[in-house]
Amino acid sequence: MKKPKLAVIGSSSMDLVVTSKKRPLAGETVLGETFETVPGGKGANQAVAAARLGADVHMIGCVGDDAYGKEILDNLKSNGVKTGYVKPVTHQKSGTAHIILAEGDNSIVVVKGANDFVTPDYVKEALPLLEECDLIMIQQEVPEETVLETARLCSEIGVPLLLNPAPAREIPDEVIEKAAYLTPNEHEAGILFKGQELSKALSNYPNKLLITEGAAGVRYHDGSREKLIPSFPVKVVDTTGAGDTFNAAFGTAIAEGQNMKESLRFANRAASLSVTGFGAQGGMPTRDEVERGLAE
């Protein structure tokens, strides 16, 4: 099986993670149990996950010219991600994500910082790289106009685009049409296809719209009927990064030439393993771990 070449256009940040038995209500103070700083950002998470799964991964993004930025870059490199198109910007701090882990799930506030400088023009600078890729991945922690320009570029050069539309926001119809794959969760799909039954949206975008449903699995339409590819039951430690692992694994598998069902099973298994470790990247599995898990 060939080693796919992927470009991940997106955010990188430092995650500031607090664990607590109780999630605070508005105006409430609660005691936390632990505090950690771990590299994150949806773009960097997906890049690291894909590299661990055996893809040749190039990150396109921005960090601040600060301590967090250096740590983010070092972490990408140590995980085998190529960083020739990750530049430090001097006029903005690195992005941060402030995460509360409580009651079996997470709540996240993202401060984009340097990620706002992943502009359409910056993406265009990477065009020679993009033209060589088997698949390009992007999320929505970068400017909206960058997502639109990337969709247009991918359409022009004939390279499939996987758009993970998170955080949720409405996106132009042009982006939906030009993307090869859309991977919202149920909440994000409700925003993308407001007022429309999700089953109808799935049938309108067969083998393209993939709606993740957490522990239930992922739902899509194969052109004939709607299908649910079930997830794998595991003991959950931290759900942060599970969606990013799913996207990276699906992108890796589909770029390798695996079919839709195989790619989604591979992605579900990778995502299920990712929640058994701490931190967005801490639990991200290797290729061998996923394949062993599929064989069980």
# chains A, B, ... in the order shown; residues from 1 in each chain; ligands from 1
>>> select_by_dssp(residues="segment 9-198 of chain A", states="strand (DSSP E)", output="number ranges by chain")
A: 9, 13-19, 34-40, 56-64, 82-89, 95-102, 105-111, 135-138, 161-163, 181-182
>>> residues_around(residues="Lys42 of chain A", least_positions_apart="6", cutoff="8 Å", atoms="only C-alpha atoms", output="PyMOL selection string")
chain A and resi 10-12+139+141+241+244
>>> write_last_selection(atoms="all heavy atoms", output="CSV table (one decimal), in the first residue's frame")
chain,number,residue,atom,x,y,z
A,10,GLY,N,-4.2,24.4,8.6
A,10,GLY,CA,-5.0,24.7,9.8
A,10,GLY,C,-4.2,25.2,11.0
A,10,GLY,O,-3.1,25.8,10.9
A,11,SER,N,-4.9,25.1,12.1
A,11,SER,CA,-4.4,25.7,13.4
A,11,SER,C,-3.5,24.8,14.1
A,11,SER,O,-3.5,23.6,14.0
A,11,SER,CB,-5.6,26.0,14.2
A,11,SER,OG,-6.3,24.8,14.6
A,12,SER,N,-2.6,25.5,14.9
A,12,SER,CA,-1.8,24.9,15.9
A,12,SER,C,-1.9,25.7,17.2
A,12,SER,O,-2.0,26.9,17.1
A,12,SER,CB,-0.4,24.7,15.4
A,12,SER,OG,0.1,26.0,15.0
A,139,GLN,N,-9.6,22.7,8.4
A,139,GLN,CA,-10.7,22.8,9.4
A,139,GLN,C,-11.1,24.3,9.5
A,139,GLN,O,-10.7,25.1,8.6
A,139,GLN,CB,-10.2,22.3,10.8
A,139,GLN,CG,-9.3,21.1,10.7
A,139,GLN,CD,-7.9,21.4,10.3
A,139,GLN,OE1,-7.3,22.5,10.6
A,139,GLN,NE2,-7.3,20.5,9.5
A,141,GLU,N,-10.6,26.6,12.2
A,141,GLU,CA,-9.9,27.4,13.2
A,141,GLU,C,-9.0,28.4,12.5
A,141,GLU,O,-8.1,29.0,13.1
A,141,GLU,CB,-9.1,26.6,14.2
A,141,GLU,CG,-10.1,25.9,15.2
A,141,GLU,CD,-9.4,25.0,16.2
A,141,GLU,OE1,-8.2,24.7,16.1
A,141,GLU,OE2,-10.0,24.6,17.2
A,241,GLY,N,-9.6,15.6,21.0
A,241,GLY,CA,-8.8,15.1,19.8
A,241,GLY,C,-9.4,13.9,19.1
A,241,GLY,O,-8.8,13.4,18.1
A,244,ASP,N,-10.4,14.8,15.7
A,244,ASP,CA,-9.2,15.1,14.8
A,244,ASP,C,-8.5,13.8,14.4
A,244,ASP,O,-8.1,13.6,13.3
A,244,ASP,CB,-8.2,15.9,15.6
A,244,ASP,CG,-8.7,17.3,15.9
A,244,ASP,OD1,-9.5,17.8,15.0
A,244,ASP,OD2,-8.4,17.9,16.9
>>> closest_residue(among="A:His98, A:Lys70, A:His58, A:Lys3", to="Thr83 of chain A", atoms="only C-alpha atoms")
A:His58
>>> select_by_dssp(residues="segment 104-283 of chain A", states="alpha helix (DSSP H)", output="PyMOL selection string")
chain A and resi 120-125+127-130+144-157+173-178+186-192+198-204+242-256+260-274
>>> residues_around(residues="Thr239 of chain A", least_positions_apart="4", cutoff="10 Å", atoms="only C-alpha atoms", output="list in words")
Leu101, Gly104, Asp105, Asn106, Gly214, Gly243, Ala271, Ser272, Ser274, Val275, Thr276, Gly277, Phe278, Gly279, Ala280 and Gly283 of chain A
